[in-house]
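Student: Sharing a structure below in structure tokens format, with a few things to ask.
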Amino acid sequence: MKFVHHLSPQHEDYLVAQLRALFDEPEDAEITRWRERLRNVELAAGELLMSEGEAGDSMYLLLSGRLRVFLPASGPSRAGRVAVGEMNRGQFIGEMSMYTDQPRTATLVAIRDSVLVRLDKADFPVLLASSPKASIHFTQRIIERLFNNTRRPLQVQPVTITLLPISPGLDAQGLALRLMSHLGRHGSTCLVGASGVMARAGSQTPAKNDSGDLTASIEDTSLDDLEAAHDFVLLLADDAPTEWTLRCARQADETLLLADAAQAPALHPNETHPGARTHPETGAAEVLVLLHADDTHAPRGTAAWLERRPVADHLHIRPALDRDMARLARVVSRQAVGLVLSGGGARGMSHLGVWRALAERGIDVDYVGGTSIGSIMTSLIAADRPLALLNEVAQEALGANPTGDVNPVPVLSLVKGQRVKRVIGRVVERLFGFQADVEDLWKNAFCVATNFSTASEDVARRGPLARAILASIAIPGALPPILRDGHLLCDGGTLNNFPVDVMRRMRGVSRIIGVDLGGTESLKVDLTEVPSHWQLLLDRLRPRRWRRYALPSFMGYLINALLLHSMSRQRLAAQGVDLYFKPELGKVGLLEWKKAADIEERGYQHAKAVLDGLAPEVLQSWQAQQAPTSA
């Protein structure tokens with residue numbers, strides 16, 4: 001950390017604007033009193049601003065740059081630290097230390113060169129005593145921030161995004177211009193190359209001309225000026241580790257590694273040069289963007305790319321398709337939409353009905369995740385194939401009665417599981433033409449299982465897709481568990497049947513659509529005691545309408561008992577959903593696979609009714625959020 005005497009004019013103007021906004025247009029004399037007590041700080045990329053456990057003797061306001069927040073690890077070993085968020089310009093840091101004598105609760109590291117101002121604790125009460133209005137507003141701001149942070153995690157959008165080519169022969173400039181056009185939907189955007197400002201988009205700045213060229217010397221327009229004038233600044237690095245490329249790497253809040261998926265996944269000189277890449281913990285987050293031809297059937301071999309690069313995430317993009325470029329822009333701008341699909345046995349076919357209704361309204365999603373049957377539907381939707389094919393594949397799979405191979409002498413499970421294994425294998429083969437991995441899906445996805453060996457949740461975002469699905473649907477006692485590295489994996493519904501919280505942690509997700517298949521009706525029976533085994537058996541032989549005992553089947557009773565804890569979480573999870581669907585499925589059982597077509601239609605009709613019931617401006621906001629722009 002280095003204290004400096006003067007800020008640049010851009011930083012000084014930004015500081016004054018922040019103080020005026022914070023204190024509700026105070027008098028100039030009040031601004032001056034605060035400014036005289038603030039010390040100017042410069043922090044180089046990788047430097048610590050504060051460490052967990054040290055004395056809280058000051059607070060800061062971040063004027064430019066980006067910081068990463070770390071908390072102590074909470075696992076069994078409690079060794080090391082884990083990143084929990086990032087902070088960018090305009091955010092106050094360490095303000096609670098002004099009111100308490102508690103030590104710092106987190107460690108903050110600069111992930112790019114940053115400029116801040118510091119207020120020492122001794123000066124804080126003096127300033128508040130002379131500024132009662134500022135004291136009230138400052139306290140309100142802290143309370144609001146604490147309240148918002150407890151409700152849902154904060155997704156801090158990057159301002160400066162570096163586009164780093166890592167494959168030879170890429171049309172990186174063409175892709176950058178298309179991304180800039182789509183980002184312009186979410187805020188004012190400019191594209192900067194080695195020669196200067198190349199183009200602008202967004203309502204606050206002039207649109208690019210026909211040639212896409214608004215070139216100006218980068219010396220004439222500093223990056224500080226550009227950051228102050230735009231919501232997003234795209235830095236287009238060269239296809240070699242030039243001085244400009246190294247500068248782009250140092251200035252990035254986030255780096256998009258642009259790769260041609262058709263080429264070999266070898267490391268590029270832009271990756272092997274020590275100055276072009278950042279440390280995975282203290283440097284800017286890196287996202288691998290694998291670029292495909294528009295007629296690519298499905299991504300393949302993604303694992304080989306990821307094994308060589310410690311990236312924060314990856315995306316599959318067909319640059320010629322507007323919907324893919326719009327998805328990239330939503331993820332980058334932290335406006336991505338996630339779709340969460342709960343477990344529910346055969347009732348899960350209604351997920352595709354909801355998806356059909358959403359597609360008809362032009363509502364798209366960027367991430368998909370689910371549990372149990374929701375993981376199967378996740379793979380279908382994230383494969384980005386025509387709706388008719390998805391329905392055909394799903395109905396064929398469920399119509400095969402996947403749980404029909406009952407064990408005559410159950411030892412580990414009531415169902416052998418060989419039939420469901422073949423069914424899932426055929427589903428993946430039909431969708432992709434090969435046994436794909438989770439990371440090969442067009443839309444980023446996850447499947448939730450339960451690690452029986454460690455009594456913990458297991459979220460699969462990588463690895464063989466079929467095995468991830470089989471683990472997620474392996475109901476304990478009903479289906480055999482899946483083995484992985486010596487661990488037993490079983491149905492995710494036992495711990496998290498509606499994984500909204502998992503989706504909320506996905507990179508860039510700000511809004512969530514949820515399809516909840518949890519039961520709401522309570523089961524009450526007009527009996528004083530359970531009938532005998534023979535009475536129940538004879539009753540099962542009667543036609544359904546003549547049965548005397550309204551008791552669940554053995555399998556239904558077992559499955560629902562296993563899900564009781566997860567169902568209690570499910571009600572809480574529903575509160576974190578922005579667009580909520582709960583199809584009315586009546587008494588459709590968990591194993592009534594033959595009703596797949598009817599269940600899909602019920603999901604569709606329910607979703608149509610929900611969407612029709614939205615206020616026009618709300619529906620339009622979802623559609624506008626998703627609608628692609630022309631490049």
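Going by the structure tokens order, chains are called A, B, ..., each with residues numbered from 1, while ligands are numbered from 1 in the order shown.
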Would you list the contacts of A:Lys443 as a PyMOL selection string, taking every protein, DNA or RNA residue within 8 Å and counting only C-alpha atoms, but skipping same-chain residues closer than 4 positions in sequence?

Tutor: chain A and resi 315-316+366-368+382-384

Student: Can those selected residues be exported to a file as a PDB file, in the first residue's frame so that it contains N, CA and C atoms?

Tutor:
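Saved as out-v6.pdb:
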ATOM      1  N   LEU A 315     -17.732 -20.979 -21.057  1.00  0.00           N
ATOM      2  CA  LEU A 315     -18.957 -20.776 -21.823  1.00  0.00           C
ATOM      3  C   LEU A 315     -18.739 -21.295 -23.238  1.00  0.00           C
ATOM      4  N   HIS A 316     -19.778 -21.912 -23.802  1.00  0.00           N
ATOM      5  CA  HIS A 316     -19.756 -22.333 -25.204  1.00  0.00           C
ATOM      6  C   HIS A 316     -20.577 -21.320 -26.006  1.00  0.00           C
ATOM      7  N   ASP A 366     -29.779 -18.924 -19.079  1.00  0.00           N
ATOM      8  CA  ASP A 366     -28.344 -19.039 -19.325  1.00  0.00           C
ATOM      9  C   ASP A 366     -27.709 -20.199 -18.574  1.00  0.00           C
ATOM     10  N   TYR A 367     -28.248 -20.519 -17.416  1.00  0.00           N
ATOM     11  CA  TYR A 367     -27.790 -21.662 -16.620  1.00  0.00           C
ATOM     12  C   TYR A 367     -29.002 -22.534 -16.311  1.00  0.00           C
ATOM     13  N   VAL A 368     -28.776 -23.844 -16.209  1.00  0.00           N
ATOM     14  CA  VAL A 368     -29.835 -24.780 -15.832  1.00  0.00           C
ATOM     15  C   VAL A 368     -29.265 -25.724 -14.791  1.00  0.00           C
ATOM     16  N   ALA A 382     -30.425 -27.917 -21.375  1.00  0.00           N
ATOM     17  CA  ALA A 382     -29.101 -27.329 -21.582  1.00  0.00           C
ATOM     18  C   ALA A 382     -28.445 -27.816 -22.866  1.00  0.00           C
ATOM     19  N   ALA A 383     -28.968 -28.905 -23.456  1.00  0.00           N
ATOM     20  CA  ALA A 383     -28.433 -29.378 -24.732  1.00  0.00           C
ATOM     21  C   ALA A 383     -28.821 -28.467 -25.888  1.00  0.00           C
ATOM     22  N   ASP A 384     -29.804 -27.582 -25.667  1.00  0.00           N
ATOM     23  CA  ASP A 384     -30.193 -26.575 -26.659  1.00  0.00           C
ATOM     24  C   ASP A 384     -30.621 -27.214 -27.982  1.00  0.00           C
TER      25      ASP A 384
END

Student: Can you tell me, as number ranges by chain, what residues are no more than 12 Å from A:Gln575 when counting only C-alpha atoms, ignoring any on the same chain fewer than 4 positions away?

Tutor: A: 151-152, 498, 500-501, 512-514, 516, 569-571, 579-581

Student: Write a file of the just-selected residues containing N, CA, C and O atoms, as a PDB file, in the first residue's frame.

Tutor:
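Wrote it out as selection.pdb, contents follow:
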ATOM      1  N   ARG A 151     -29.859 -11.180   2.346  1.00  0.00           N
ATOM      2  CA  ARG A 151     -30.953 -11.747   1.566  1.00  0.00           C
ATOM      3  C   ARG A 151     -30.449 -12.582   0.389  1.00  0.00           C
ATOM      4  O   ARG A 151     -30.962 -13.634   0.101  1.00  0.00           O
ATOM      5  N   ARG A 152     -29.456 -12.105  -0.327  1.00  0.00           N
ATOM      6  CA  ARG A 152     -28.918 -12.872  -1.443  1.00  0.00           C
ATOM      7  C   ARG A 152     -27.513 -12.380  -1.749  1.00  0.00           C
ATOM      8  O   ARG A 152     -27.184 -11.221  -1.518  1.00  0.00           O
ATOM      9  N   PHE A 498     -34.554 -28.762  -4.322  1.00  0.00           N
ATOM     10  CA  PHE A 498     -34.868 -27.569  -5.129  1.00  0.00           C
ATOM     11  C   PHE A 498     -33.685 -26.613  -4.983  1.00  0.00           C
ATOM     12  O   PHE A 498     -33.722 -25.680  -4.191  1.00  0.00           O
ATOM     13  N   VAL A 500     -32.093 -23.917  -5.418  1.00  0.00           N
ATOM     14  CA  VAL A 500     -32.052 -22.484  -5.735  1.00  0.00           C
ATOM     15  C   VAL A 500     -30.764 -21.864  -5.208  1.00  0.00           C
ATOM     16  O   VAL A 500     -30.155 -21.001  -5.852  1.00  0.00           O
ATOM     17  N   ASP A 501     -30.332 -22.286  -4.016  1.00  0.00           N
ATOM     18  CA  ASP A 501     -29.123 -21.721  -3.424  1.00  0.00           C
ATOM     19  C   ASP A 501     -27.890 -22.029  -4.265  1.00  0.00           C
ATOM     20  O   ASP A 501     -26.982 -21.189  -4.379  1.00  0.00           O
ATOM     21  N   ILE A 512     -33.719 -15.821 -11.087  1.00  0.00           N
ATOM     22  CA  ILE A 512     -33.914 -17.270 -11.122  1.00  0.00           C
ATOM     23  C   ILE A 512     -35.363 -17.605 -11.426  1.00  0.00           C
ATOM     24  O   ILE A 512     -36.291 -17.025 -10.857  1.00  0.00           O
ATOM     25  N   ILE A 513     -35.537 -18.539 -12.357  1.00  0.00           N
ATOM     26  CA  ILE A 513     -36.831 -19.149 -12.639  1.00  0.00           C
ATOM     27  C   ILE A 513     -36.818 -20.529 -11.990  1.00  0.00           C
ATOM     28  O   ILE A 513     -35.873 -21.298 -12.175  1.00  0.00           O
ATOM     29  N   GLY A 514     -37.840 -20.845 -11.212  1.00  0.00           N
ATOM     30  CA  GLY A 514     -37.869 -22.123 -10.517  1.00  0.00           C
ATOM     31  C   GLY A 514     -39.127 -22.910 -10.825  1.00  0.00           C
ATOM     32  O   GLY A 514     -40.219 -22.336 -10.885  1.00  0.00           O
ATOM     33  N   ASP A 516     -41.070 -25.977  -9.146  1.00  0.00           N
ATOM     34  CA  ASP A 516     -41.108 -26.694  -7.885  1.00  0.00           C
ATOM     35  C   ASP A 516     -42.172 -27.789  -7.959  1.00  0.00           C
ATOM     36  O   ASP A 516     -43.356 -27.500  -8.163  1.00  0.00           O
ATOM     37  N   ARG A 569     -36.731 -27.682   3.344  1.00  0.00           N
ATOM     38  CA  ARG A 569     -35.850 -26.669   2.753  1.00  0.00           C
ATOM     39  C   ARG A 569     -36.462 -26.082   1.486  1.00  0.00           C
ATOM     40  O   ARG A 569     -36.221 -24.924   1.150  1.00  0.00           O
ATOM     41  N   GLN A 570     -37.235 -26.911   0.799  1.00  0.00           N
ATOM     42  CA  GLN A 570     -37.804 -26.515  -0.483  1.00  0.00           C
ATOM     43  C   GLN A 570     -38.725 -25.315  -0.338  1.00  0.00           C
ATOM     44  O   GLN A 570     -38.741 -24.418  -1.172  1.00  0.00           O
ATOM     45  N   ARG A 571     -39.489 -25.275   0.722  1.00  0.00           N
ATOM     46  CA  ARG A 571     -40.404 -24.150   0.942  1.00  0.00           C
ATOM     47  C   ARG A 571     -39.632 -22.852   1.134  1.00  0.00           C
ATOM     48  O   ARG A 571     -40.041 -21.790   0.661  1.00  0.00           O
ATOM     49  N   LEU A 579     -39.232 -15.950 -10.597  1.00  0.00           N
ATOM     50  CA  LEU A 579     -40.384 -16.356 -11.408  1.00  0.00           C
ATOM     51  C   LEU A 579     -40.660 -17.814 -11.048  1.00  0.00           C
ATOM     52  O   LEU A 579     -39.866 -18.700 -11.362  1.00  0.00           O
ATOM     53  N   TYR A 580     -41.789 -18.056 -10.377  1.00  0.00           N
ATOM     54  CA  TYR A 580     -42.034 -19.331  -9.699  1.00  0.00           C
ATOM     55  C   TYR A 580     -43.170 -20.098 -10.358  1.00  0.00           C
ATOM     56  O   TYR A 580     -44.244 -19.550 -10.624  1.00  0.00           O
ATOM     57  N   PHE A 581     -42.909 -21.388 -10.603  1.00  0.00           N
ATOM     58  CA  PHE A 581     -43.925 -22.279 -11.168  1.00  0.00           C
ATOM     59  C   PHE A 581     -44.081 -23.493 -10.258  1.00  0.00           C
ATOM     60  O   PHE A 581     -43.081 -24.091  -9.825  1.00  0.00           O
TER      61      PHE A 581
END

Student: DSSP on the backbone: which residues in stretch 314-451 of chain A end up as helix (DSSP H, G or I)? Give the answer as a VMD selection string.

Tutor: chain A and resid 322 to 332 345 to 360 373 to 382 387 to 399 418 to 432 438 to 440

Student: Need to verify the contact set: A:His268, 10 Å, only C-alpha atoms, exclusion of same-chain residues closer than 4 positions in sequence. Can you return it as a list in words?

Tutor: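 Once the adjacent positions are removed, what remains is Pro165, Ile166, Ser167, Pro168, Asp239, Ala240, Pro241, Ala259, Thr272 and His273 of chain A.
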
Student: Write the residues you've just listed into a file as a JSON list (two decimals), in the first residue's frame, and include all heavy atoms for each of them.

Tutor:
[["chain", "number", "residue", "atom", "x", "y", "z"],
["A", 165, "PRO", "N", -7.16, -13.33, -26.83],
["A", 165, "PRO", "CA", -7.15, -14.47, -27.77],
["A", 165, "PRO", "C", -6.13, -15.52, -27.35],
["A", 165, "PRO", "O", -4.99, -15.18, -27.02],
["A", 165, "PRO", "CB", -6.76, -13.83, -29.10],
["A", 165, "PRO", "CG", -6.96, -12.36, -28.92],
["A", 165, "PRO", "CD", -6.70, -12.09, -27.48],
["A", 166, "ILE", "N", -6.55, -16.80, -27.32],
["A", 166, "ILE", "CA", -5.61, -17.87, -26.99],
["A", 166, "ILE", "C", -5.61, -18.96, -28.07],
["A", 166, "ILE", "O", -5.13, -20.06, -27.83],
["A", 166, "ILE", "CB", -5.91, -18.48, -25.61],
["A", 166, "ILE", "CG1", -7.31, -19.10, -25.56],
["A", 166, "ILE", "CG2", -5.74, -17.45, -24.50],
["A", 166, "ILE", "CD1", -7.55, -19.96, -24.32],
["A", 167, "SER", "N", -6.16, -18.63, -29.25],
["A", 167, "SER", "CA", -6.08, -19.52, -30.41],
["A", 167, "SER", "C", -5.64, -18.69, -31.60],
["A", 167, "SER", "O", -6.11, -17.56, -31.78],
["A", 167, "SER", "CB", -7.42, -20.18, -30.72],
["A", 167, "SER", "OG", -7.81, -21.08, -29.70],
["A", 168, "PRO", "N", -4.75, -19.22, -32.44],
["A", 168, "PRO", "CA", -4.32, -18.45, -33.63],
["A", 168, "PRO", "C", -5.45, -18.34, -34.65],
["A", 168, "PRO", "O", -6.31, -19.22, -34.77],
["A", 168, "PRO", "CB", -3.16, -19.29, -34.18],
["A", 168, "PRO", "CG", -3.39, -20.66, -33.64],
["A", 168, "PRO", "CD", -4.05, -20.51, -32.32],
["A", 239, "ASP", "N", -2.99, -10.75, -30.40],
["A", 239, "ASP", "CA", -2.88, -12.21, -30.44],
["A", 239, "ASP", "C", -1.48, -12.68, -30.10],
["A", 239, "ASP", "O", -1.08, -13.80, -30.42],
["A", 239, "ASP", "CB", -3.30, -12.74, -31.81],
["A", 239, "ASP", "CG", -2.49, -12.16, -32.95],
["A", 239, "ASP", "OD1", -1.55, -11.38, -32.66],
["A", 239, "ASP", "OD2", -2.77, -12.48, -34.11],
["A", 240, "ALA", "N", -0.71, -11.83, -29.45],
["A", 240, "ALA", "CA", 0.64, -12.16, -28.97],
["A", 240, "ALA", "C", 0.86, -11.35, -27.69],
["A", 240, "ALA", "O", 0.19, -10.33, -27.46],
["A", 240, "ALA", "CB", 1.69, -11.82, -30.02],
["A", 241, "PRO", "N", 1.79, -11.77, -26.83],
["A", 241, "PRO", "CA", 2.01, -11.06, -25.56],
["A", 241, "PRO", "C", 2.79, -9.76, -25.75],
["A", 241, "PRO", "O", 3.91, -9.58, -25.26],
["A", 241, "PRO", "CB", 2.80, -12.08, -24.73],
["A", 241, "PRO", "CG", 3.49, -12.95, -25.72],
["A", 241, "PRO", "CD", 2.56, -13.04, -26.90],
["A", 259, "ALA", "N", -11.13, -18.78, -27.34],
["A", 259, "ALA", "CA", -10.50, -19.96, -27.93],
["A", 259, "ALA", "C", -11.36, -20.55, -29.02],
["A", 259, "ALA", "O", -12.59, -20.59, -28.92],
["A", 259, "ALA", "CB", -10.25, -21.00, -26.84],
["A", 272, "THR", "N", 1.24, -18.47, -21.74],
["A", 272, "THR", "CA", 2.51, -18.91, -21.13],
["A", 272, "THR", "C", 3.40, -17.75, -20.73],
["A", 272, "THR", "O", 4.29, -17.92, -19.90],
["A", 272, "THR", "CB", 3.27, -19.81, -22.11],
["A", 272, "THR", "OG1", 3.47, -19.11, -23.35],
["A", 272, "THR", "CG2", 2.49, -21.09, -22.39],
["A", 273, "HIS", "N", 3.18, -16.56, -21.29],
["A", 273, "HIS", "CA", 3.98, -15.40, -20.89],
["A", 273, "HIS", "C", 3.64, -15.03, -19.45],
["A", 273, "HIS", "O", 2.46, -14.87, -19.10],
["A", 273, "HIS", "CB", 3.71, -14.21, -21.82],
["A", 273, "HIS", "CG", 4.67, -13.09, -21.63],
["A", 273, "HIS", "ND1", 4.63, -12.22, -20.55],
["A", 273, "HIS", "CD2", 5.72, -12.67, -22.40],
["A", 273, "HIS", "CE1", 5.59, -11.34, -20.66],
["A", 273, "HIS", "NE2", 6.28, -11.58, -21.77]]

Student: Separation of atom CA of A:Val420 and atom CA of A:Ser375, in Å?

Tutor: 13.8 Å

Student: Skipping near chain neighbours, those fewer than 3 positions away, what residues fall within 9 Å of A:Arg104 using only C-alpha atoms, listed as a list in words?

Tutor: Met50, Ser51, Glu52, Gly53, Glu54, Ala55, Gly56, Gly94, Ser97 and Thr107 of chain A

Student: Applying 8 Å and only C-alpha atoms, which residues near A:Ala228 remain after dropping the ones on its own chain fewer than 4 positions away? List them as a list in words.

Tutor: Gln10, Tyr14 and Asp224 of chain A

Student: With all heavy atoms retained, export the selected residues as a short mmCIF file (atom, residue, chain, number, x, y, z; two decimals), in the first residue's frame.

Tutor:
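That gives us again.cif:
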data_model
loop_
_atom_site.label_atom_id
_atom_site.label_comp_id
_atom_site.auth_asym_id
_atom_site.auth_seq_id
_atom_site.Cartn_x
_atom_site.Cartn_y
_atom_site.Cartn_z
N GLN A 10 -9.54 12.75 -12.70
CA GLN A 10 -10.69 11.86 -12.84
C GLN A 10 -11.09 11.24 -11.50
O GLN A 10 -12.28 11.18 -11.15
CB GLN A 10 -10.38 10.73 -13.84
CG GLN A 10 -10.10 11.20 -15.26
CD GLN A 10 -8.65 11.68 -15.43
OE1 GLN A 10 -7.78 11.38 -14.61
NE2 GLN A 10 -8.41 12.42 -16.50
N TYR A 14 -14.52 11.91 -9.28
CA TYR A 14 -15.35 10.78 -8.89
C TYR A 14 -15.56 10.76 -7.37
O TYR A 14 -16.67 10.49 -6.89
CB TYR A 14 -14.69 9.48 -9.35
CG TYR A 14 -15.53 8.24 -9.08
CD1 TYR A 14 -16.66 7.97 -9.85
CD2 TYR A 14 -15.19 7.36 -8.07
CE1 TYR A 14 -17.44 6.84 -9.61
CE2 TYR A 14 -15.95 6.23 -7.81
CZ TYR A 14 -17.08 5.98 -8.59
OH TYR A 14 -17.84 4.87 -8.34
N ASP A 224 -8.91 5.60 -17.08
CA ASP A 224 -9.71 6.16 -15.99
C ASP A 224 -10.89 6.95 -16.54
O ASP A 224 -12.02 6.87 -16.03
CB ASP A 224 -8.85 7.07 -15.11
CG ASP A 224 -7.98 6.26 -14.16
OD1 ASP A 224 -8.32 5.10 -13.88
OD2 ASP A 224 -6.95 6.79 -13.69
#

Student: Pick from A:Asn88, A:Gln263, A:Thr255, A:Asn497: nearest to A:Glu286, with only C-alpha atoms counted?

Tutor: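 Looking only at the distances to A:Glu286, the closest residue turns out to be A:Thr255.
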
Student: Env of A:Arg308: 12 Å cut, atoms = only C-alpha atoms, seq-sep filter 5 positions within chain, self excluded. Answer as a PyMOL selection string.

Tutor: chain A and resi 264-268+271-272+288+302-303

Student: Output as JSON, numbers by chain all residues of stretch 345-552 of chain A that backbone DSSP marks as strand (DSSP E).

Tutor: {"A": [367, 368, 369, 370, 371, 444, 445, 446, 447, 448, 449, 450, 451, 456, 457, 458, 459, 460, 482, 483, 484, 487, 488, 489, 490, 491, 509, 510, 511, 512, 513, 514, 515]}

Student: Would you please work out which residue, of A:Gly338, A:Pro410, A:Gly492, A:Gly399, is nearest to A:Ser510 when using only C-alpha atoms?

Tutor: A:Gly338
